[in-house]
file my_file.pdb (PDB, C-alpha atoms, pLDDT in the B column)
ATOM      1  CA  MET N  17     -35.045  89.611  42.399  1.00 38.00           C
ATOM      2  CA  ILE N  18     -31.675  88.155  43.467  1.00 33.00           C
ATOM      3  CA  ILE N  19     -33.149  84.655  43.653  1.00 33.00           C
ATOM      4  CA  ARG N  20     -34.705  85.058  40.206  1.00 35.00           C
ATOM      5  CA  THR N  21     -31.392  86.272  38.783  1.00 37.00           C
ATOM      6  CA  LEU N  22     -29.525  83.351  40.306  1.00 31.00           C
ATOM      7  CA  ALA N  23     -32.101  80.927  38.905  1.00 36.00           C
ATOM      8  CA  SER N  24     -31.711  82.450  35.445  1.00 41.00           C
ATOM      9  CA  ALA N  25     -27.932  82.174  35.682  1.00 39.00           C
ATOM     10  CA  ALA N  26     -28.224  78.550  36.775  1.00 37.00           C
ATOM     11  CA  ALA N  27     -30.517  77.789  33.832  1.00 39.00           C
ATOM     12  CA  LEU N  28     -28.033  79.373  31.456  1.00 39.00           C
ATOM     13  CA  GLY N  29     -25.253  77.314  33.044  1.00 41.00           C
ATOM     14  CA  VAL N  30     -27.200  74.085  32.584  1.00 34.00           C
ATOM     15  CA  ALA N  31     -27.870  74.956  28.938  1.00 42.00           C
ATOM     16  CA  ALA N  32     -24.188  75.714  28.384  1.00 41.00           C
ATOM     17  CA  LEU N  33     -23.159  72.413  29.946  1.00 37.00           C
ATOM     18  CA  ALA N  34     -25.675  70.552  27.806  1.00 43.00           C
ATOM     19  CA  ALA N  35     -24.367  72.290  24.700  1.00 47.00           C
ATOM     20  CA  SER N  36     -20.768  71.498  25.610  1.00 46.00           C
ATOM     21  CA  GLY N  37     -21.740  67.886  26.286  1.00 47.00           C
ATOM     22  CA  GLN N  38     -23.257  67.626  22.803  1.00 46.00           C
ATOM     23  CA  ALA N  39     -20.116  69.103  21.291  1.00 44.00           C
ATOM     24  CA  ALA N  40     -17.940  66.642  23.199  1.00 49.00           C
ATOM     25  CA  ARG N  41     -19.997  63.697  21.946  1.00 52.00           C
ATOM     26  CA  ALA N  42     -19.504  64.833  18.359  1.00 47.00           C
ATOM     27  CA  VAL N  43     -15.696  64.720  18.606  1.00 84.00           C
ATOM     28  CA  THR N  44     -15.031  61.028  17.993  1.00 93.00           C
ATOM     29  CA  ILE N  45     -11.491  60.003  17.085  1.00 96.00           C
ATOM     30  CA  LEU N  46     -11.439  57.679  14.086  1.00 97.00           C
ATOM     31  CA  PRO N  47      -8.680  55.125  13.333  1.00 98.00           C
ATOM     32  CA  ALA N  48      -6.689  55.571  10.132  1.00 98.00           C
ATOM     33  CA  PHE N  49      -7.629  53.708   6.968  1.00 98.00           C
ATOM     34  CA  ASN N  50      -5.600  50.695   5.848  1.00 97.00           C
ATOM     35  CA  GLY N  51      -5.209  49.352   2.323  1.00 97.00           C
ATOM     36  CA  THR N  52      -3.183  46.590   0.675  1.00 97.00           C
ATOM     37  CA  THR N  53      -2.892  44.998  -2.752  1.00 98.00           C
ATOM     38  CA  GLU N  54      -1.469  41.805  -4.193  1.00 97.00           C
ATOM     39  CA  CYS N  55      -0.781  40.871  -7.804  1.00 96.00           C
ATOM     40  CA  VAL N  56       0.324  37.398  -8.885  1.00 92.00           C
ATOM     41  CA  SER N  57       1.815  36.285 -12.187  1.00 90.00           C
ATOM     42  CA  GLY N  58       3.777  33.024 -12.233  1.00 76.00           C
ATOM     43  CA  ALA N  59       6.518  33.071  -9.605  1.00 77.00           C
ATOM     44  CA  LEU N  60       6.147  36.833  -9.323  1.00 87.00           C
ATOM     45  CA  VAL N  61       4.111  37.978  -6.310  1.00 92.00           C
ATOM     46  CA  VAL N  62       3.828  41.709  -5.638  1.00 94.00           C
ATOM     47  CA  ASP N  63       2.419  42.827  -2.266  1.00 95.00           C
ATOM     48  CA  ASN N  64       2.036  46.561  -1.892  1.00 91.00           C
ATOM     49  CA  ALA N  65       0.610  49.358   0.221  1.00 92.00           C
ATOM     50  CA  GLY N  66      -0.440  51.043  -3.022  1.00 94.00           C
ATOM     51  CA  PRO N  67      -1.152  50.050  -6.641  1.00 96.00           C
ATOM     52  CA  CYS N  68       0.390  46.809  -7.910  1.00 96.00           C
ATOM     53  CA  THR N  69       0.903  45.174 -11.290  1.00 95.00           C
ATOM     54  CA  ALA N  70       2.322  41.778 -12.204  1.00 93.00           C
ATOM     55  CA  GLY N  71       2.035  40.165 -15.601  1.00 90.00           C
ATOM     56  CA  GLY N  72      -1.565  40.604 -16.667  1.00 91.00           C
ATOM     57  CA  ALA N  73      -2.838  41.505 -13.186  1.00 95.00           C
ATOM     58  CA  ALA N  74      -3.440  44.909 -11.599  1.00 96.00           C
ATOM     59  CA  ALA N  75      -4.999  46.056  -8.316  1.00 97.00           C
ATOM     60  CA  ASN N  76      -5.450  49.348  -6.486  1.00 97.00           C
ATOM     61  CA  PHE N  77      -7.239  51.069  -3.613  1.00 97.00           C
ATOM     62  CA  THR N  78      -8.111  54.774  -3.502  1.00 95.00           C
ATOM     63  CA  PRO N  79      -9.079  56.455  -0.208  1.00 96.00           C
ATOM     64  CA  SER N  80      -9.873  59.773  -1.921  1.00 93.00           C
ATOM     65  CA  PRO N  81     -11.560  61.630  -3.506  1.00 92.00           C
ATOM     66  CA  PHE N  82     -13.829  58.612  -2.960  1.00 92.00           C
ATOM     67  CA  ALA N  83     -13.122  55.312  -1.194  1.00 96.00           C
ATOM     68  CA  GLY N  84     -12.808  52.414  -3.593  1.00 95.00           C
ATOM     69  CA  VAL N  85     -10.942  49.291  -4.685  1.00 96.00           C
ATOM     70  CA  THR N  86     -10.354  47.758  -8.130  1.00 96.00           C
ATOM     71  CA  ALA N  87      -8.779  44.581  -9.465  1.00 96.00           C
ATOM     72  CA  SER N  88      -8.374  43.405 -13.055  1.00 95.00           C
ATOM     73  CA  ALA N  89      -6.713  40.544 -14.919  1.00 94.00           C
ATOM     74  CA  ILE N  90      -6.132  39.472 -18.492  1.00 91.00           C
ATOM     75  CA  GLY N  91      -5.013  35.943 -19.351  1.00 83.00           C
ATOM     76  CA  GLY N  92      -1.736  35.229 -21.072  1.00 74.00           C
ATOM     77  CA  PRO N  93      -1.387  32.689 -23.906  1.00 73.00           C
ATOM     78  CA  SER N  94      -1.248  29.713 -21.548  1.00 70.00           C
ATOM     79  CA  ILE N  95      -1.016  31.021 -17.972  1.00 75.00           C
ATOM     80  CA  SER N  96      -3.139  32.699 -15.307  1.00 84.00           C
ATOM     81  CA  ASN N  97      -3.085  36.061 -13.533  1.00 92.00           C
ATOM     82  CA  GLY N  98      -4.750  37.455 -10.408  1.00 93.00           C
ATOM     83  CA  GLY N  99      -5.196  40.763  -8.581  1.00 96.00           C
ATOM     84  CA  LEU N 100      -6.496  41.423  -5.061  1.00 97.00           C
ATOM     85  CA  ALA N 101      -7.188  44.684  -3.192  1.00 98.00           C
ATOM     86  CA  PHE N 102      -8.376  45.445   0.357  1.00 98.00           C
ATOM     87  CA  LEU N 103      -9.408  48.708   1.991  1.00 98.00           C
ATOM     88  CA  THR N 104     -10.640  49.149   5.579  1.00 98.00           C
ATOM     89  CA  TYR N 105     -11.761  52.525   6.900  1.00 98.00           C
ATOM     90  CA  PHE N 106     -13.938  53.924   9.669  1.00 98.00           C
ATOM     91  CA  TYR N 107     -16.776  56.394  10.132  1.00 98.00           C
ATOM     92  CA  THR N 108     -18.933  57.992  12.761  1.00 97.00           C
ATOM     93  CA  ILE N 109     -22.140  60.002  12.782  1.00 97.00           C
ATOM     94  CA  ASP N 110     -21.889  63.565  14.063  1.00 96.00           C
ATOM     95  CA  GLY N 111     -25.130  65.018  15.402  1.00 94.00           C
ATOM     96  CA  PRO N 112     -26.977  66.811  18.190  1.00 93.00           C
ATOM     97  CA  ASN N 113     -27.622  63.711  20.333  1.00 93.00           C
ATOM     98  CA  THR N 114     -26.975  59.993  20.602  1.00 94.00           C
ATOM     99  CA  ASP N 115     -30.388  58.755  19.504  1.00 95.00           C
ATOM    100  CA  PRO N 116     -29.956  55.956  16.906  1.00 96.00           C
ATOM    101  CA  VAL N 117     -30.342  57.015  13.279  1.00 97.00           C
ATOM    102  CA  THR N 118     -30.843  55.068  10.065  1.00 96.00           C
ATOM    103  CA  VAL N 119     -27.720  54.833   7.915  1.00 96.00           C
ATOM    104  CA  ASP N 120     -27.770  53.710   4.278  1.00 94.00           C
ATOM    105  CA  ILE N 121     -24.647  52.129   2.749  1.00 94.00           C
ATOM    106  CA  PHE N 122     -24.811  52.001  -1.047  1.00 92.00           C
ATOM    107  CA  THR N 123     -22.232  49.374  -2.013  1.00 90.00           C
ATOM    108  CA  ASN N 124     -21.803  50.134  -5.741  1.00 89.00           C
ATOM    109  CA  LEU N 125     -20.229  46.752  -6.487  1.00 89.00           C
ATOM    110  CA  SER N 126     -19.253  45.783 -10.030  1.00 88.00           C
ATOM    111  CA  THR N 127     -17.988  42.489 -11.500  1.00 88.00           C
ATOM    112  CA  SER N 128     -17.421  41.326 -15.056  1.00 88.00           C
ATOM    113  CA  VAL N 129     -15.728  38.345 -16.729  1.00 88.00           C
ATOM    114  CA  ALA N 130     -15.198  37.229 -20.310  1.00 87.00           C
ATOM    115  CA  GLY N 131     -13.772  34.086 -21.868  1.00 85.00           C
ATOM    116  CA  GLY N 132     -13.619  30.703 -20.163  1.00 78.00           C
ATOM    117  CA  PRO N 133     -15.822  29.552 -17.262  1.00 78.00           C
ATOM    118  CA  ASN N 134     -12.963  29.542 -14.736  1.00 83.00           C
ATOM    119  CA  ASN N 135     -12.379  33.290 -14.785  1.00 88.00           C
ATOM    120  CA  VAL N 136     -13.486  34.904 -11.521  1.00 90.00           C
ATOM    121  CA  ALA N 137     -14.479  38.424 -10.444  1.00 91.00           C
ATOM    122  CA  PHE N 138     -15.418  39.028  -6.806  1.00 91.00           C
ATOM    123  CA  ALA N 139     -16.416  42.232  -4.945  1.00 93.00           C
ATOM    124  CA  SER N 140     -17.491  42.495  -1.308  1.00 92.00           C
ATOM    125  CA  LEU N 141     -18.449  45.016   1.386  1.00 94.00           C
ATOM    126  CA  PHE N 142     -18.538  43.997   5.064  1.00 93.00           C
ATOM    127  CA  ASP N 143     -19.751  46.326   7.846  1.00 94.00           C
ATOM    128  CA  THR N 144     -19.428  46.535  11.640  1.00 94.00           C
ATOM    129  CA  GLU N 145     -22.743  44.780  12.247  1.00 92.00           C
ATOM    130  CA  GLY N 146     -21.444  41.682  10.467  1.00 90.00           C
ATOM    131  CA  HIS N 147     -23.535  42.197   7.348  1.00 90.00           C
ATOM    132  CA  GLN N 148     -22.039  41.530   3.931  1.00 88.00           C
ATOM    133  CA  ILE N 149     -23.051  42.304   0.394  1.00 87.00           C
ATOM    134  CA  CYS N 150     -21.062  40.731  -2.393  1.00 86.00           C
ATOM    135  CA  ALA N 151     -21.115  40.021  -6.092  1.00 84.00           C
ATOM    136  CA  ILE N 152     -19.252  37.210  -7.814  1.00 82.00           C
ATOM    137  CA  LEU N 153     -19.093  35.913 -11.360  1.00 77.00           C
ATOM    138  CA  GLY N 154     -17.508  32.686 -12.518  1.00 66.00           C
ATOM    139  CA  SER N 155     -17.551  30.789  -9.215  1.00 57.00           C
ATOM    140  CA  ILE N 156     -19.552  29.838  -6.132  1.00 48.00           C
ATOM    141  CA  GLY N 157     -18.565  31.709  -2.996  1.00 50.00           C
ATOM    142  CA  CYS N 158     -20.724  34.767  -2.309  1.00 55.00           C
ATOM    143  CA  ASN N 159     -23.025  33.521   0.463  1.00 48.00           C
ATOM    144  CA  GLY N 160     -22.865  30.165  -1.316  1.00 41.00           C
ATOM    145  CA  VAL N 161     -24.615  31.495  -4.418  1.00 40.00           C
ATOM    146  CA  GLY N 162     -23.141  32.209  -7.849  1.00 41.00           C
ATOM    147  CA  GLY N 163     -23.774  35.406  -9.745  1.00 42.00           C
ATOM    148  CA  VAL N 164     -24.716  38.783  -8.317  1.00 42.00           C
ATOM    149  CA  VAL N 165     -26.093  38.591  -4.767  1.00 39.00           C
ATOM    150  CA  ASN N 166     -27.983  41.650  -3.503  1.00 43.00           C
ATOM    151  CA  ALA N 167     -25.233  43.957  -4.726  1.00 53.00           C
ATOM    152  CA  GLY N 168     -27.056  47.078  -3.630  1.00 79.00           C
ATOM    153  CA  GLU N 169     -27.660  48.564  -0.195  1.00 87.00           C
ATOM    154  CA  LEU N 170     -27.250  47.884   3.520  1.00 90.00           C
ATOM    155  CA  THR N 171     -29.450  49.727   6.019  1.00 92.00           C
ATOM    156  CA  GLU N 172     -28.324  49.913   9.640  1.00 94.00           C
ATOM    157  CA  GLN N 173     -29.511  51.544  12.878  1.00 95.00           C
ATOM    158  CA  GLU N 174     -26.426  53.256  14.288  1.00 97.00           C
ATOM    159  CA  THR N 175     -25.611  55.545  17.208  1.00 97.00           C
ATOM    160  CA  PRO N 176     -23.976  58.955  16.714  1.00 96.00           C
ATOM    161  CA  GLY N 177     -20.539  59.167  18.309  1.00 96.00           C
ATOM    162  CA  LEU N 178     -19.704  55.467  17.964  1.00 97.00           C
ATOM    163  CA  VAL N 179     -17.089  54.147  15.535  1.00 98.00           C
ATOM    164  CA  TYR N 180     -18.133  51.915  12.633  1.00 98.00           C
ATOM    165  CA  SER N 181     -16.034  50.195   9.970  1.00 98.00           C
ATOM    166  CA  ILE N 182     -16.246  49.335   6.290  1.00 97.00           C
ATOM    167  CA  GLU N 183     -14.159  46.513   4.789  1.00 97.00           C
ATOM    168  CA  LEU N 184     -13.847  46.335   1.002  1.00 97.00           C
ATOM    169  CA  GLU N 185     -12.362  43.422  -0.933  1.00 96.00           C
ATOM    170  CA  VAL N 186     -12.079  42.743  -4.654  1.00 95.00           C
ATOM    171  CA  GLU N 187     -10.442  39.909  -6.546  1.00 95.00           C
ATOM    172  CA  ALA N 188     -10.043  39.255 -10.259  1.00 94.00           C
ATOM    173  CA  SER N 189      -8.391  36.198 -11.804  1.00 92.00           C
ATOM    174  CA  THR N 190      -8.097  34.654 -15.232  1.00 90.00           C
ATOM    175  CA  VAL N 191      -6.918  31.336 -16.585  1.00 83.00           C
ATOM    176  CA  GLY N 192      -4.538  31.137 -19.505  1.00 75.00           C
ATOM    177  CA  GLY N 193      -5.762  31.747 -23.014  1.00 76.00           C
ATOM    178  CA  ALA N 194      -6.633  34.661 -25.246  1.00 77.00           C
ATOM    179  CA  GLY N 195      -9.860  36.510 -24.471  1.00 82.00           C
ATOM    180  CA  ASN N 196      -9.918  35.697 -20.737  1.00 88.00           C
ATOM    181  CA  THR N 197     -10.545  38.831 -18.668  1.00 90.00           C
ATOM    182  CA  ALA N 198     -11.909  39.719 -15.231  1.00 92.00           C
ATOM    183  CA  PHE N 199     -12.668  42.971 -13.443  1.00 93.00           C
ATOM    184  CA  ALA N 200     -14.065  43.844  -9.982  1.00 93.00           C
ATOM    185  CA  SER N 201     -14.623  47.093  -8.112  1.00 93.00           C
ATOM    186  CA  ALA N 202     -16.342  48.510  -5.021  1.00 93.00           C
ATOM    187  CA  ASP N 203     -17.014  52.232  -4.421  1.00 93.00           C
ATOM    188  CA  PRO N 204     -19.501  52.698  -1.554  1.00 94.00           C
ATOM    189  CA  LEU N 205     -21.431  55.761  -0.437  1.00 94.00           C
ATOM    190  CA  ILE N 206     -22.635  56.197   3.184  1.00 96.00           C
ATOM    191  CA  ILE N 207     -25.476  58.586   4.092  1.00 96.00           C
ATOM    192  CA  VAL N 208     -27.923  59.287   6.906  1.00 97.00           C
ATOM    193  CA  ASP N 209     -31.282  58.112   5.606  1.00 95.00           C
ATOM    194  CA  PRO N 210     -33.384  61.141   4.576  1.00 95.00           C
ATOM    195  CA  THR N 211     -36.394  59.720   6.453  1.00 93.00           C
ATOM    196  CA  THR N 212     -34.517  60.059   9.779  1.00 93.00           C
ATOM    197  CA  LEU N 213     -36.051  62.703  12.051  1.00 92.00           C
ATOM    198  CA  ASN N 214     -34.032  65.929  11.618  1.00 94.00           C
ATOM    199  CA  ALA N 215     -31.752  64.112   9.175  1.00 95.00           C
ATOM    200  CA  GLY N 216     -30.137  67.385   8.144  1.00 95.00           C
ATOM    201  CA  LEU N 217     -28.641  67.779  11.635  1.00 96.00           C
ATOM    202  CA  TYR N 218     -26.507  64.629  11.219  1.00 97.00           C
ATOM    203  CA  SER N 219     -23.485  64.000   9.030  1.00 96.00           C
ATOM    204  CA  ILE N 220     -21.162  61.100   8.207  1.00 97.00           C
ATOM    205  CA  ARG N 221     -17.478  61.647   8.997  1.00 97.00           C
ATOM    206  CA  LEU N 222     -14.828  59.195   7.749  1.00 98.00           C
ATOM    207  CA  SER N 223     -11.218  58.386   8.632  1.00 98.00           C
ATOM    208  CA  ALA N 224      -8.835  61.211   7.762  1.00 97.00           C
ATOM    209  CA  GLY N 225      -8.033  61.246   4.060  1.00 97.00           C
ATOM    210  CA  VAL N 226     -11.021  59.091   3.044  1.00 97.00           C
ATOM    211  CA  GLY N 227     -13.690  60.497   0.742  1.00 95.00           C
ATOM    212  CA  ASN N 228     -17.384  59.642   0.855  1.00 94.00           C
ATOM    213  CA  GLY N 229     -18.989  59.672  -2.574  1.00 84.00           C
ATOM    214  CA  LEU N 230     -19.597  57.806  -5.789  1.00 77.00           C
ATOM    215  CA  PRO N 231     -16.839  57.779  -8.434  1.00 72.00           C
ATOM    216  CA  PRO N 232     -17.051  60.323 -11.252  1.00 66.00           C
ATOM    217  CA  SER N 233     -18.406  59.322 -14.627  1.00 52.00           C
ATOM    218  CA  GLY N 234     -14.857  59.377 -15.978  1.00 43.00           C
ATOM    219  CA  THR N 235     -13.855  56.317 -13.948  1.00 46.00           C
ATOM    220  CA  PRO N 236     -12.731  53.554 -16.371  1.00 48.00           C
ATOM    221  CA  GLU N 237     -15.314  50.872 -17.065  1.00 48.00           C
ATOM    222  CA  PRO N 238     -14.290  47.179 -16.904  1.00 45.00           C
ATOM    223  CA  ALA N 239     -13.610  47.025 -20.637  1.00 47.00           C
ATOM    224  CA  ALA N 240     -11.383  50.093 -20.365  1.00 48.00           C
ATOM    225  CA  TRP N 241      -9.281  48.495 -17.599  1.00 43.00           C
ATOM    226  CA  VAL N 242      -8.768  45.402 -19.762  1.00 44.00           C
ATOM    227  CA  ALA N 243      -7.804  47.556 -22.748  1.00 48.00           C
ATOM    228  CA  MET N 244      -5.326  49.466 -20.574  1.00 45.00           C
ATOM    229  CA  LEU N 245      -3.683  46.220 -19.442  1.00 44.00           C
ATOM    230  CA  ALA N 246      -3.500  44.920 -22.995  1.00 45.00           C
ATOM    231  CA  GLY N 247      -2.039  48.221 -24.124  1.00 43.00           C
ATOM    232  CA  PHE N 248       0.768  47.886 -21.601  1.00 38.00           C
ATOM    233  CA  GLY N 249       1.656  44.580 -23.252  1.00 38.00           C
ATOM    234  CA  LEU N 250       1.117  42.677 -20.044  1.00 38.00           C
ATOM    235  CA  ALA N 251       0.942  38.928 -20.219  1.00 33.00           C
ATOM    236  CA  GLY N 252       1.242  36.689 -17.343  1.00 34.00           C
ATOM    237  CA  ALA N 253       1.514  33.612 -15.354  1.00 33.00           C
ATOM    238  CA  SER N 254      -0.021  31.785 -12.443  1.00 34.00           C
ATOM    239  CA  LEU N 255      -2.304  32.223  -9.469  1.00 34.00           C
ATOM    240  CA  ARG N 256      -2.564  31.418  -5.875  1.00 36.00           C
ATOM    241  CA  ALA N 257      -5.061  31.216  -3.150  1.00 40.00           C
ATOM    242  CA  ARG N 258      -8.552  31.364  -1.938  1.00 40.00           C
ATOM    243  CA  ARG N 259     -11.312  31.893  -4.471  1.00 39.00           C
ATOM    244  CA  TRP N 260      -8.936  32.407  -7.383  1.00 40.00           C
ATOM    245  CA  ALA N 261      -9.301  30.143 -10.384  1.00 40.00           C
ATOM    246  CA  THR N 262      -6.608  27.659 -11.342  1.00 37.00           C
ATOM    247  CA  ALA N 263      -5.433  27.010 -14.851  1.00 37.00           C
TER     248      ALA N 263
END

call {"tool": "encode", "arguments": {"input": "my_file.pdb", "output": "structure tokens"}}
result
Amino acid sequence: MIIRTLASAAALGVAALAASGQAARAVTILPAFNGTTECVSGALVVDNAGPCTAGGAAANFTPSPFAGVTASAIGGPSISNGGLAFLTYFYTIDGPNTDPVTVDIFTNLSTSVAGGPNNVAFASLFDTEGHQICAILGSIGCNGVGGVVNAGELTEQETPGLVYSIELEVEASTVGGAGNTAFASADPLIIVDPTTLNAGLYSIRLSAGVGNGLPPSGTPEPAAWVAMLAGFGLAGASLRARRWATA
């Protein structure tokens, strides 16, 4: 009887240790998110850790209630404008064990341009595994192909308890002249694929202060952003850098 009791106690102890081990695996410390913006109009360059505006350019990143980045530009009478936004954040998968699970990343990229052929809108998502989805209008540069390139979903096999990252980038630039506009945005959603065994036992947890979800229907559409800029009476100047168009 004593031996049987001791065996039962030992079994309970092993179960408790296993349970505590699972709990410990679920507590993964995530780095903080980091976002920056830059707006350029003529000699004016505005770098910011929040929203920026300069001339006819605007850019922003929003960690919550959903993670996203936006950039928009409207051309002045004879000069160019450009906006750029970055957001990097991290996530892990909390669950009962460390068996790999399927994770779906819905990128929700959007780009639009109007006016001359040198206006550019670029949106990109880059993940830990080195996979990128991007959409670009008005230039060559997204995997070497113009237009929208697979601006939909990434599917990865990932291990609960490890740290993964998402890097978002958007750029919008316009050349001088009336009617030149550009808009770009990225608002991803990350989920455990429903076909994963016991999918309901796993959850995605993001860096503190970062939301995981699609933007509400009230989020301004590209045309609304352009109208807002025009309403502010913004007109602007020049551009710099990288994929941005030149007047």

call {"tool": "closest_residue", "arguments": {"input": "my_file.pdb", "among": "N:Ser189, N:Ser140, N:Thr86, N:Thr53", "to": "Ala73 (chain N)", "atoms": "only C-alpha atoms"}}
result
N:Ser189

call {"tool": "resolve_selection", "arguments": {"input": "my_file.pdb", "expression": "the PyMOL selection byres ((chain N and resi 181) around 8)", "output": "ChimeraX atom specification"}}
result
/N:104-107,143-144,179-180,182-183

call {"tool": "residues_near_point", "arguments": {"input": "my_file.pdb", "point": "(-3.9, 48.3, -9.3)", "cutoff": "7 Å", "atoms": "only C-alpha atoms", "output": "list in words"}}
result
Pro67, Cys68, Thr69, Ala74, Ala75, Asn76, Thr86 and Ala87 of chain N

call {"tool": "closest_residue", "arguments": {"input": "my_file.pdb", "among": "N:Val56, N:Ile109, N:Ala198, N:Ala70", "to": "Phe138 (chain N)", "atoms": "all atoms listed in the file"}}
result
N:Ala198

call {"tool": "residues_around", "arguments": {"input": "my_file.pdb", "residues": "Ser128 (chain N)", "least_positions_apart": "5", "cutoff": "8 Å", "atoms": "all atoms listed in the file", "output": "list in words"}}
result
Ala137, Leu153, Ala198, Phe199, Ala200 and Pro238 of chain N

call {"tool": "closest_residue", "arguments": {"input": "my_file.pdb", "among": "N:Val117, N:Gly195, N:Ala139, N:Ser126", "to": "Ile207 (chain N)", "atoms": "only C-alpha atoms"}}
result
N:Val117

call {"tool": "atom_distance", "arguments": {"input": "my_file.pdb", "atom1": "CA of Phe49 (chain N)", "atom2": "CA of Ile220 (chain N)"}}
result
15.5 Å

call {"tool": "residues_around", "arguments": {"input": "my_file.pdb", "residues": "Asp115 (chain N)", "least_positions_apart": "6", "cutoff": "9 Å", "atoms": "only C-alpha atoms", "output": "PyMOL selection string"}}
result
chain N and resi 174-176

call {"tool": "atom_distance", "arguments": {"input": "my_file.pdb", "atom1": "CA of Asp110 (chain N)", "atom2": "CA of Ala48 (chain N)"}}
result
17.6 Å

call {"tool": "closest_residue", "arguments": {"input": "my_file.pdb", "among": "N:Glu187, N:Asp209, N:Asp203, N:Asp63", "to": "Leu230 (chain N)", "atoms": "all atoms listed in the file"}}
result
N:Asp203

call {"tool": "atom_distance", "arguments": {"input": "my_file.pdb", "atom1": "CA of Ser219 (chain N)", "atom2": "CA of Phe77 (chain N)"}}
result
24.3 Å
